[in-house]
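S.K.: Quick one: the structure is below, questions incoming.
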Amino acid sequence: MHPSRSRARGHLVAAAATVLVALVGASGVASASAVDRGAVGAVPAGAVQAGGVRLTPVQAGTVAVHLNAGLLAAQAQAERDLEVRARFPEPEPPVRLEDLPVRDRAAAVLAGLPGGDAVEIAWNHPDIGNHLGGVRLDAPTVMMLNEHRFEAQPERIAATVKHEIGHFYQGAVIEAHAERAGGWWGAYWQLDAALSPVFGSQWMERSADCVALHLGADWTHYTDDCSSAAARAAVEALVAGEMP
């Protein structure tokens with residue numbers, strides 16, 4: 001063999017060996033990123049040095065924040081979300097009526113009824129004794145309610161308030177017609193004459209129950225039969241402040 005060809009072949013073999021060492025790590029896995037072609041010096045632990053090339057095996061670890069594209073994207077999205085929430089805050093969840101204390105619940109029901117803003121609540125008034133509530137027809141703007149009964153039966157609050165405002169409507173109609181009827185009692189007997197044929201002798205309580213049902217009550221004590229045309233017409237008149 002020609003001497004120059006022999007020397008060239010030797011150089012090719014040495015070069016191939018060097019490339020092989022550079023591409024294969026200590027674990028036998030190729031890793032181009034692990035090749036350090038700098039000057040030969042101290043070899044880190046676990047590194048392999050051959051043919052003037054220092055090769056450090058890839059180590060698992062945390063990528064620096066400024067190089068972690070996924071983390072940077074998540075941080076940017078979080079910042080955008082905060083900005084959106086600041087500009088468009090979510091509305092507060094509505095307060096449920098059943099979560100309110102007894103007095104607040106009764107006041108909330110009353111405020112939502114026709115004419116409720118003209119009525120005040122007198123809690124634990126001695127005139128009602130152990131009854132759930134009551135209204136005097138000669139002073140209909142005061143609704144007397146029994147807090148102690150409601151604490152034991154909170155499910156009755158709404159229905160009771162709707163029944164008692166029925167008495168407010170009765171008293172308001174009497175007052176509105178007192179002058180033309182010759183006085184308060186004249187208007188009272190006029191209302192009695194209008195409601196007795198429809199609701200019987202207990203017209204005061206039964207018509208108040210029908211008012212409560214008309215306003216959405218889910219419980220009544222004196223009657224639940226308000227289906228007749230006369231009963232519906234009487235209830236609508238009372239709610240409108242008119243003599244039936």
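Please note that chains go A, B, ... in the order of the structure tokens, that every chain numbers its residues from 1, and that ligands are numbered from 1 in the order shown.
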As a ChimeraX atom specification, please: all residues of range 117-159 of chain A that backbone DSSP puts in alpha helix (DSSP H).
M.R.: /A:147-152,157-159
S.K.: Taking 3 positions as the minimum chain separation for residues in the same chain, which residues sit within 8 Å of Thr160 in chain A when counting only C-alpha atoms? Answer as a PDB file with C-alpha atoms, in the first residue's frame.
M.R.:
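Wrote result22.pdb, looks like this:
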```pdb
ATOM      1  CA  LEU A 132     -97.999  33.460  64.593  1.00  0.00           C
ATOM      2  CA  GLY A 133     -99.178  36.952  63.749  1.00  0.00           C
ATOM      3  CA  ARG A 156     -94.253  29.476  58.075  1.00  0.00           C
ATOM      4  CA  ILE A 157     -92.772  32.978  57.875  1.00  0.00           C
ATOM      5  CA  HIS A 163    -101.903  36.131  55.297  1.00  0.00           C
ATOM      6  CA  GLU A 164    -101.472  39.104  57.613  1.00  0.00           C
ATOM      7  CA  ALA A 212    -102.048  34.684  50.858  1.00  0.00           C
TER       8      ALA A 212
END
```
S.K.: If you run DSSP on the backbone, which residues of range 66-240 of chain A are strand (DSSP E or B), as a ChimeraX atom specification?
M.R.: /A:120-123,133-136,139-145
S.K.: If you count only C-alpha atoms, which residues fall within 10 Å of range 136-140 of chain A, apart from same-chain ones fewer than 4 positions away, as an MDAnalysis selection string?
M.R.: chainID A and resid 118:120 127:128 144 164:175 184:185 188 204
S.K.: Would you kindly return, as a ChimeraX atom specification, each protein, DNA or RNA residue with an atom no farther than 9 Å from any atom of range 147-155 of chain A, considering only C-alpha atoms and excluding same-chain residues fewer than 6 positions away?
M.R.: /A:98,101-103,123-124,130-132
S.K.: Just C-alpha atoms for this one: save the residues we selected as a short mmCIF file (atom, residue, chain, number, x, y, z; two decimals), in the first residue's frame.
M.R.:
```cif
data_model
loop_
_atom_site.label_atom_id
_atom_site.label_comp_id
_atom_site.auth_asym_id
_atom_site.auth_seq_id
_atom_site.Cartn_x
_atom_site.Cartn_y
_atom_site.Cartn_z
CA GLU A 98 -84.06 30.90 53.85
CA PRO A 101 -82.48 35.52 60.25
CA VAL A 102 -86.16 35.41 61.18
CA ARG A 103 -86.69 39.17 61.34
CA TRP A 123 -92.26 41.87 66.94
CA ASN A 124 -93.60 39.83 69.87
CA ASN A 130 -98.99 32.67 71.04
CA HIS A 131 -100.39 33.23 67.52
CA LEU A 132 -98.00 33.46 64.59
#
```
S.K.: I'd like to know which of A:Pro244, A:Pro197, A:Gly112, A:Gly70 is closest to Leu215 in chain A, using only C-alpha atoms.
M.R.: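 Ranking A:Pro244, A:Pro197, A:Gly112, A:Gly70 by distance to Leu215 in chain A, first place goes to A:Gly112.
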S.K.: Could you state the separation of CA of Asn146 in chain A and CA of Ala122 in chain A in Å, given to one decimal place?
M.R.: 8.8 Å
S.K.: For Leu97 in chain A, which residue out of A:Glu83, A:Ala194, A:Trp189, A:Val109 is the nearest one, using only C-alpha atoms?
M.R.: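 Closest candidate: A:Val109.
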S.K.: Which residue out of A:Leu72, A:Ala111, A:Glu242, A:Arg96 has the minimum interatomic distance to Ala187 in chain A when only C-alpha atoms are used?
M.R.: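 Going through A:Leu72, A:Ala111, A:Glu242, A:Arg96 one by one, the smallest distance to Ala187 in chain A is for A:Glu242.
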S.K.: Just the number, please: distance in Å from CA of Val161 in chain A to CA of Val211 in chain A, one decimal.
M.R.: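 Interatomic distance, CA of Val161 in chain A to CA of Val211 in chain A: 10.8 Å.
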S.K.: What does the distance from CA of Ser227 in chain A to CA of Gln190 in chain A come to in Å, to one decimal?
M.R.: 23.3 Å
